[in-house]
file structure.cif (mmCIF, N, CA and C atoms)
data_target
#
loop_
_atom_site.group_PDB
_atom_site.id
_atom_site.type_symbol
_atom_site.label_atom_id
_atom_site.label_comp_id
_atom_site.auth_asym_id
_atom_site.auth_seq_id
_atom_site.Cartn_x
_atom_site.Cartn_y
_atom_site.Cartn_z
ATOM 1 N N MET A 1 31.677 49.497 33.936
ATOM 2 C CA MET A 1 33.056 49.894 33.736
ATOM 3 C C MET A 1 33.067 51.225 32.985
ATOM 4 N N PRO A 2 33.769 52.223 33.519
ATOM 5 C CA PRO A 2 33.786 53.537 32.857
ATOM 6 C C PRO A 2 34.560 53.486 31.538
ATOM 7 N N ALA A 3 34.210 54.391 30.635
ATOM 8 C CA ALA A 3 34.878 54.453 29.336
ATOM 9 C C ALA A 3 36.309 54.948 29.509
ATOM 10 N N LEU A 4 37.207 54.416 28.686
ATOM 11 C CA LEU A 4 38.615 54.785 28.732
ATOM 12 C C LEU A 4 38.867 55.861 27.690
ATOM 13 N N HIS A 5 39.361 57.002 28.134
ATOM 14 C CA HIS A 5 39.688 58.090 27.222
ATOM 15 C C HIS A 5 41.205 58.182 27.103
ATOM 16 N N ILE A 6 41.693 58.029 25.891
ATOM 17 C CA ILE A 6 43.128 57.983 25.663
ATOM 18 C C ILE A 6 43.819 59.275 26.100
ATOM 19 N N GLU A 7 43.131 60.399 25.969
ATOM 20 C CA GLU A 7 43.756 61.676 26.348
ATOM 21 C C GLU A 7 43.955 61.803 27.855
ATOM 22 N N ASP A 8 43.255 60.963 28.637
ATOM 23 C CA ASP A 8 43.394 61.009 30.091
ATOM 24 C C ASP A 8 44.572 60.171 30.598
ATOM 25 N N LEU A 9 45.187 59.380 29.719
ATOM 26 C CA LEU A 9 46.283 58.504 30.129
ATOM 27 C C LEU A 9 47.620 59.241 30.104
ATOM 28 N N PRO A 10 48.552 58.810 30.960
ATOM 29 C CA PRO A 10 49.897 59.398 30.904
ATOM 30 C C PRO A 10 50.588 59.014 29.587
ATOM 31 N N GLU A 11 51.557 59.798 29.180
ATOM 32 C CA GLU A 11 52.249 59.585 27.901
ATOM 33 C C GLU A 11 52.872 58.197 27.819
ATOM 34 N N LYS A 12 53.432 57.717 28.917
ATOM 35 C CA LYS A 12 54.060 56.392 28.922
ATOM 36 C C LYS A 12 53.039 55.295 28.611
ATOM 37 N N GLU A 13 51.847 55.412 29.163
ATOM 38 C CA GLU A 13 50.791 54.425 28.923
ATOM 39 C C GLU A 13 50.314 54.488 27.471
ATOM 40 N N LYS A 14 50.206 55.684 26.921
ATOM 41 C CA LYS A 14 49.811 55.833 25.515
ATOM 42 C C LYS A 14 50.830 55.143 24.603
ATOM 43 N N LEU A 15 52.101 55.348 24.870
ATOM 44 C CA LEU A 15 53.154 54.739 24.057
ATOM 45 C C LEU A 15 53.147 53.218 24.195
ATOM 46 N N ARG A 16 52.896 52.712 25.409
ATOM 47 C CA ARG A 16 52.828 51.275 25.617
ATOM 48 C C ARG A 16 51.685 50.668 24.809
ATOM 49 N N MET A 17 50.530 51.328 24.808
ATOM 50 C CA MET A 17 49.380 50.843 24.042
ATOM 51 C C MET A 17 49.669 50.863 22.542
ATOM 52 N N GLU A 18 50.354 51.898 22.096
ATOM 53 C CA GLU A 18 50.691 51.995 20.673
ATOM 54 C C GLU A 18 51.639 50.867 20.263
ATOM 55 N N VAL A 19 52.633 50.577 21.108
ATOM 56 C CA VAL A 19 53.567 49.486 20.814
ATOM 57 C C VAL A 19 52.830 48.150 20.781
ATOM 58 N N GLU A 20 51.912 47.928 21.714
ATOM 59 C CA GLU A 20 51.113 46.694 21.713
ATOM 60 C C GLU A 20 50.333 46.550 20.409
ATOM 61 N N GLN A 21 49.715 47.641 19.973
ATOM 62 C CA GLN A 21 48.935 47.609 18.735
ATOM 63 C C GLN A 21 49.839 47.321 17.534
ATOM 64 N N LEU A 22 51.002 47.944 17.485
ATOM 65 C CA LEU A 22 51.929 47.709 16.378
ATOM 66 C C LEU A 22 52.429 46.267 16.361
ATOM 67 N N ARG A 23 52.623 45.685 17.531
ATOM 68 C CA ARG A 23 53.038 44.273 17.600
ATOM 69 C C ARG A 23 51.952 43.360 17.034
ATOM 70 N N LYS A 24 50.688 43.681 17.316
ATOM 71 C CA LYS A 24 49.588 42.897 16.763
ATOM 72 C C LYS A 24 49.540 43.040 15.240
ATOM 73 N N GLU A 25 49.702 44.267 14.760
ATOM 74 C CA GLU A 25 49.591 44.525 13.330
ATOM 75 C C GLU A 25 50.718 43.887 12.533
ATOM 76 N N VAL A 26 51.911 43.827 13.105
ATOM 77 C CA VAL A 26 53.040 43.261 12.366
ATOM 78 C C VAL A 26 52.870 41.759 12.158
ATOM 79 N N LYS A 27 52.064 41.105 12.985
ATOM 80 C CA LYS A 27 51.830 39.662 12.867
ATOM 81 C C LYS A 27 50.776 39.327 11.812
ATOM 82 N N LEU A 28 50.013 40.320 11.362
ATOM 83 C CA LEU A 28 48.962 40.072 10.390
ATOM 84 C C LEU A 28 49.551 39.672 9.041
ATOM 85 N N GLN A 29 48.912 38.684 8.414
ATOM 86 C CA GLN A 29 49.326 38.268 7.083
ATOM 87 C C GLN A 29 48.787 39.283 6.079
ATOM 88 N N ARG A 30 49.648 39.778 5.238
ATOM 89 C CA ARG A 30 49.259 40.798 4.273
ATOM 90 C C ARG A 30 49.228 40.213 2.873
ATOM 91 N N GLN A 31 48.332 40.744 2.052
ATOM 92 C CA GLN A 31 48.218 40.302 0.674
ATOM 93 C C GLN A 31 48.153 41.533 -0.225
ATOM 94 N N GLN A 32 48.523 41.328 -1.473
ATOM 95 C CA GLN A 32 48.472 42.421 -2.429
ATOM 96 C C GLN A 32 47.021 42.775 -2.732
ATOM 97 N N VAL A 33 46.767 44.063 -2.861
ATOM 98 C CA VAL A 33 45.417 44.543 -3.143
ATOM 99 C C VAL A 33 44.932 44.000 -4.481
ATOM 100 N N SER A 34 45.810 43.908 -5.458
ATOM 101 C CA SER A 34 45.402 43.427 -6.780
ATOM 102 C C SER A 34 44.872 41.994 -6.697
ATOM 103 N N LYS A 35 45.470 41.163 -5.863
ATOM 104 C CA LYS A 35 45.021 39.780 -5.706
ATOM 105 C C LYS A 35 43.703 39.730 -4.919
ATOM 106 N N CYS A 36 43.640 40.461 -3.834
ATOM 107 C CA CYS A 36 42.433 40.465 -2.998
ATOM 108 C C CYS A 36 41.233 41.014 -3.750
ATOM 109 N N SER A 37 41.421 42.085 -4.502
ATOM 110 C CA SER A 37 40.292 42.686 -5.210
ATOM 111 C C SER A 37 39.739 41.729 -6.265
ATOM 112 N N GLU A 38 40.605 40.968 -6.907
ATOM 113 C CA GLU A 38 40.150 39.981 -7.895
ATOM 114 C C GLU A 38 39.338 38.884 -7.208
ATOM 115 N N GLU A 39 39.786 38.422 -6.044
ATOM 116 C CA GLU A 39 39.068 37.393 -5.302
ATOM 117 C C GLU A 39 37.707 37.904 -4.840
ATOM 118 N N ILE A 40 37.650 39.129 -4.370
ATOM 119 C CA ILE A 40 36.383 39.719 -3.912
ATOM 120 C C ILE A 40 35.420 39.861 -5.084
ATOM 121 N N LYS A 41 35.927 40.326 -6.219
ATOM 122 C CA LYS A 41 35.093 40.478 -7.416
ATOM 123 C C LYS A 41 34.504 39.134 -7.832
ATOM 124 N N ASN A 42 35.324 38.089 -7.851
ATOM 125 C CA ASN A 42 34.850 36.757 -8.220
ATOM 126 C C ASN A 42 33.805 36.242 -7.232
ATOM 127 N N TYR A 43 34.037 36.453 -5.948
ATOM 128 C CA TYR A 43 33.094 36.026 -4.906
ATOM 129 C C TYR A 43 31.730 36.687 -5.119
ATOM 130 N N ILE A 44 31.740 37.978 -5.379
ATOM 131 C CA ILE A 44 30.496 38.725 -5.564
ATOM 132 C C ILE A 44 29.770 38.252 -6.818
ATOM 133 N N GLU A 45 30.511 38.084 -7.902
ATOM 134 C CA GLU A 45 29.889 37.655 -9.159
ATOM 135 C C GLU A 45 29.298 36.249 -9.055
ATOM 136 N N GLU A 46 29.964 35.349 -8.339
ATOM 137 C CA GLU A 46 29.469 33.988 -8.172
ATOM 138 C C GLU A 46 28.153 33.942 -7.397
ATOM 139 N N ARG A 47 27.969 34.844 -6.468
ATOM 140 C CA ARG A 47 26.793 34.820 -5.600
ATOM 141 C C ARG A 47 25.735 35.853 -5.964
ATOM 142 N N SER A 48 25.938 36.584 -7.035
ATOM 143 C CA SER A 48 24.989 37.655 -7.380
ATOM 144 C C SER A 48 23.600 37.110 -7.710
ATOM 145 N N GLY A 49 23.503 35.873 -8.218
ATOM 146 C CA GLY A 49 22.205 35.287 -8.526
ATOM 147 C C GLY A 49 21.376 34.987 -7.296
ATOM 148 N N GLU A 50 22.024 34.831 -6.152
ATOM 149 C CA GLU A 50 21.331 34.533 -4.892
ATOM 150 C C GLU A 50 21.059 35.782 -4.066
ATOM 151 N N ASP A 51 21.611 36.912 -4.490
ATOM 152 C CA ASP A 51 21.536 38.148 -3.706
ATOM 153 C C ASP A 51 20.172 38.818 -3.889
ATOM 154 N N PRO A 52 19.387 38.948 -2.809
ATOM 155 C CA PRO A 52 18.064 39.564 -2.948
ATOM 156 C C PRO A 52 18.125 41.039 -3.330
ATOM 157 N N LEU A 53 19.239 41.709 -3.065
ATOM 158 C CA LEU A 53 19.350 43.113 -3.462
ATOM 159 C C LEU A 53 19.553 43.239 -4.967
ATOM 160 N N VAL A 54 20.125 42.220 -5.589
ATOM 161 C CA VAL A 54 20.337 42.227 -7.032
ATOM 162 C C VAL A 54 19.157 41.585 -7.742
ATOM 163 N N LYS A 55 18.754 40.442 -7.253
ATOM 164 C CA LYS A 55 17.714 39.625 -7.891
ATOM 165 C C LYS A 55 16.305 40.120 -7.561
ATOM 166 N N GLY A 56 16.118 40.606 -6.361
ATOM 167 C CA GLY A 56 14.791 41.014 -5.909
ATOM 168 C C GLY A 56 14.161 39.908 -5.068
ATOM 169 N N ILE A 57 13.128 40.250 -4.348
ATOM 170 C CA ILE A 57 12.428 39.300 -3.481
ATOM 171 C C ILE A 57 11.078 38.990 -4.120
ATOM 172 N N PRO A 58 10.723 37.714 -4.253
ATOM 173 C CA PRO A 58 9.401 37.384 -4.800
ATOM 174 C C PRO A 58 8.298 37.984 -3.920
ATOM 175 N N GLU A 59 7.252 38.451 -4.551
ATOM 176 C CA GLU A 59 6.170 39.108 -3.814
ATOM 177 C C GLU A 59 5.585 38.231 -2.712
ATOM 178 N N ASP A 60 5.481 36.919 -2.962
ATOM 179 C CA ASP A 60 4.867 36.045 -1.964
ATOM 180 C C ASP A 60 5.775 35.783 -0.764
ATOM 181 N N LYS A 61 7.075 36.076 -0.886
ATOM 182 C CA LYS A 61 8.008 35.851 0.221
ATOM 183 C C LYS A 61 8.519 37.143 0.842
ATOM 184 N N ASN A 62 7.999 38.270 0.392
ATOM 185 C CA ASN A 62 8.455 39.566 0.889
ATOM 186 C C ASN A 62 7.817 39.858 2.246
ATOM 187 N N PRO A 63 8.616 39.866 3.344
ATOM 188 C CA PRO A 63 8.041 40.118 4.674
ATOM 189 C C PRO A 63 7.611 41.576 4.864
ATOM 190 N N PHE A 64 8.048 42.469 3.968
ATOM 191 C CA PHE A 64 7.734 43.891 4.125
ATOM 192 C C PHE A 64 6.573 44.338 3.238
ATOM 193 N N LYS A 65 6.000 43.406 2.503
ATOM 194 C CA LYS A 65 4.867 43.727 1.640
ATOM 195 C C LYS A 65 3.688 44.124 2.519
ATOM 196 N N GLU A 66 3.015 45.170 2.092
ATOM 197 C CA GLU A 66 1.853 45.623 2.853
ATOM 198 C C GLU A 66 0.762 44.568 2.789
ATOM 199 N N LYS A 67 0.206 44.233 3.934
ATOM 200 C CA LYS A 67 -0.807 43.188 4.042
ATOM 201 C C LYS A 67 -2.163 43.668 3.498
ATOM 202 N N GLY A 68 -2.412 44.904 3.651
ATOM 203 C CA GLY A 68 -3.687 45.474 3.192
ATOM 204 C C GLY A 68 -3.544 46.976 3.064
ATOM 205 N N SER A 69 -4.550 47.586 2.577
ATOM 206 C CA SER A 69 -4.480 49.032 2.443
ATOM 207 C C SER A 69 -5.110 49.710 3.647
ATOM 208 N N CYS A 70 -4.732 50.921 3.847
ATOM 209 C CA CYS A 70 -5.257 51.709 4.974
ATOM 210 C C CYS A 70 -6.280 52.699 4.410
ATOM 211 N N ILE A 71 -7.440 52.710 4.994
ATOM 212 C CA ILE A 71 -8.481 53.625 4.524
ATOM 213 C C ILE A 71 -8.784 54.593 5.670
ATOM 214 N N ILE A 72 -8.646 55.861 5.370
ATOM 215 C CA ILE A 72 -8.937 56.904 6.361
ATOM 216 C C ILE A 72 -10.232 57.561 5.931
ATOM 217 N N SER A 73 -11.189 57.585 6.845
ATOM 218 C CA SER A 73 -12.476 58.208 6.488
ATOM 219 C C SER A 73 -12.799 59.343 7.420
#

call {"tool": "encode", "arguments": {"input": "structure.cif", "output": "structure tokens"}}
result
Amino acid sequence: MPALHIEDLPEKEKLRMEVEQLRKEVKLQRQQVSKCSEEIKNYIEERSGEDPLVKGIPEDKNPFKEKGSCIIS
């Protein structure tokens, strides 16, 4: 299926697509940023002990640990 380029569409089709998108967006449930940011902060803090980027990976379980050294002679 060829890619759809919006600039290739007639103006009427562009407006129809925009109205469709706005209809979808108006149905979305919205929340205050202050409430959402507090929930996200709490979620992150609760799981930070399990996060390998924060806690680190034990050497014996690290899949990226070098298995051996490379010797060039």

call {"tool": "atom_distance", "arguments": {"input": "structure.cif", "atom1": "atom C of Lys27 (chain A)", "atom2": "atom C of Leu15 (chain A)"}}
result
18.8 Å

call {"tool": "select_by_dssp", "arguments": {"input": "structure.cif", "residues": "chain A", "states": "helix (DSSP H, G or I)", "output": "MDAnalysis selection string"}}
result
chainID A and resid 6:8 11:26 33:50 52:55 59:61

call {"tool": "atom_distance", "arguments": {"input": "structure.cif", "atom1": "atom N of Lys24 (chain A)", "atom2": "atom C of Ala3 (chain A)"}}
result
22.0 Å

call {"tool": "atom_distance", "arguments": {"input": "structure.cif", "atom1": "CA of Phe64 (chain A)", "atom2": "CA of Asp51 (chain A)"}}
result
16.9 Å

call {"tool": "axis_aligned_box", "arguments": {"input": "structure.cif", "around": "region 39-48 of chain A", "padding_each_side": "4 Å", "output": "JSON"}}
result
{"center_x": 31.7, "center_y": 37.2, "center_z": -6.5, "size_x": 24.2, "size_y": 14.5, "size_z": 13.2}
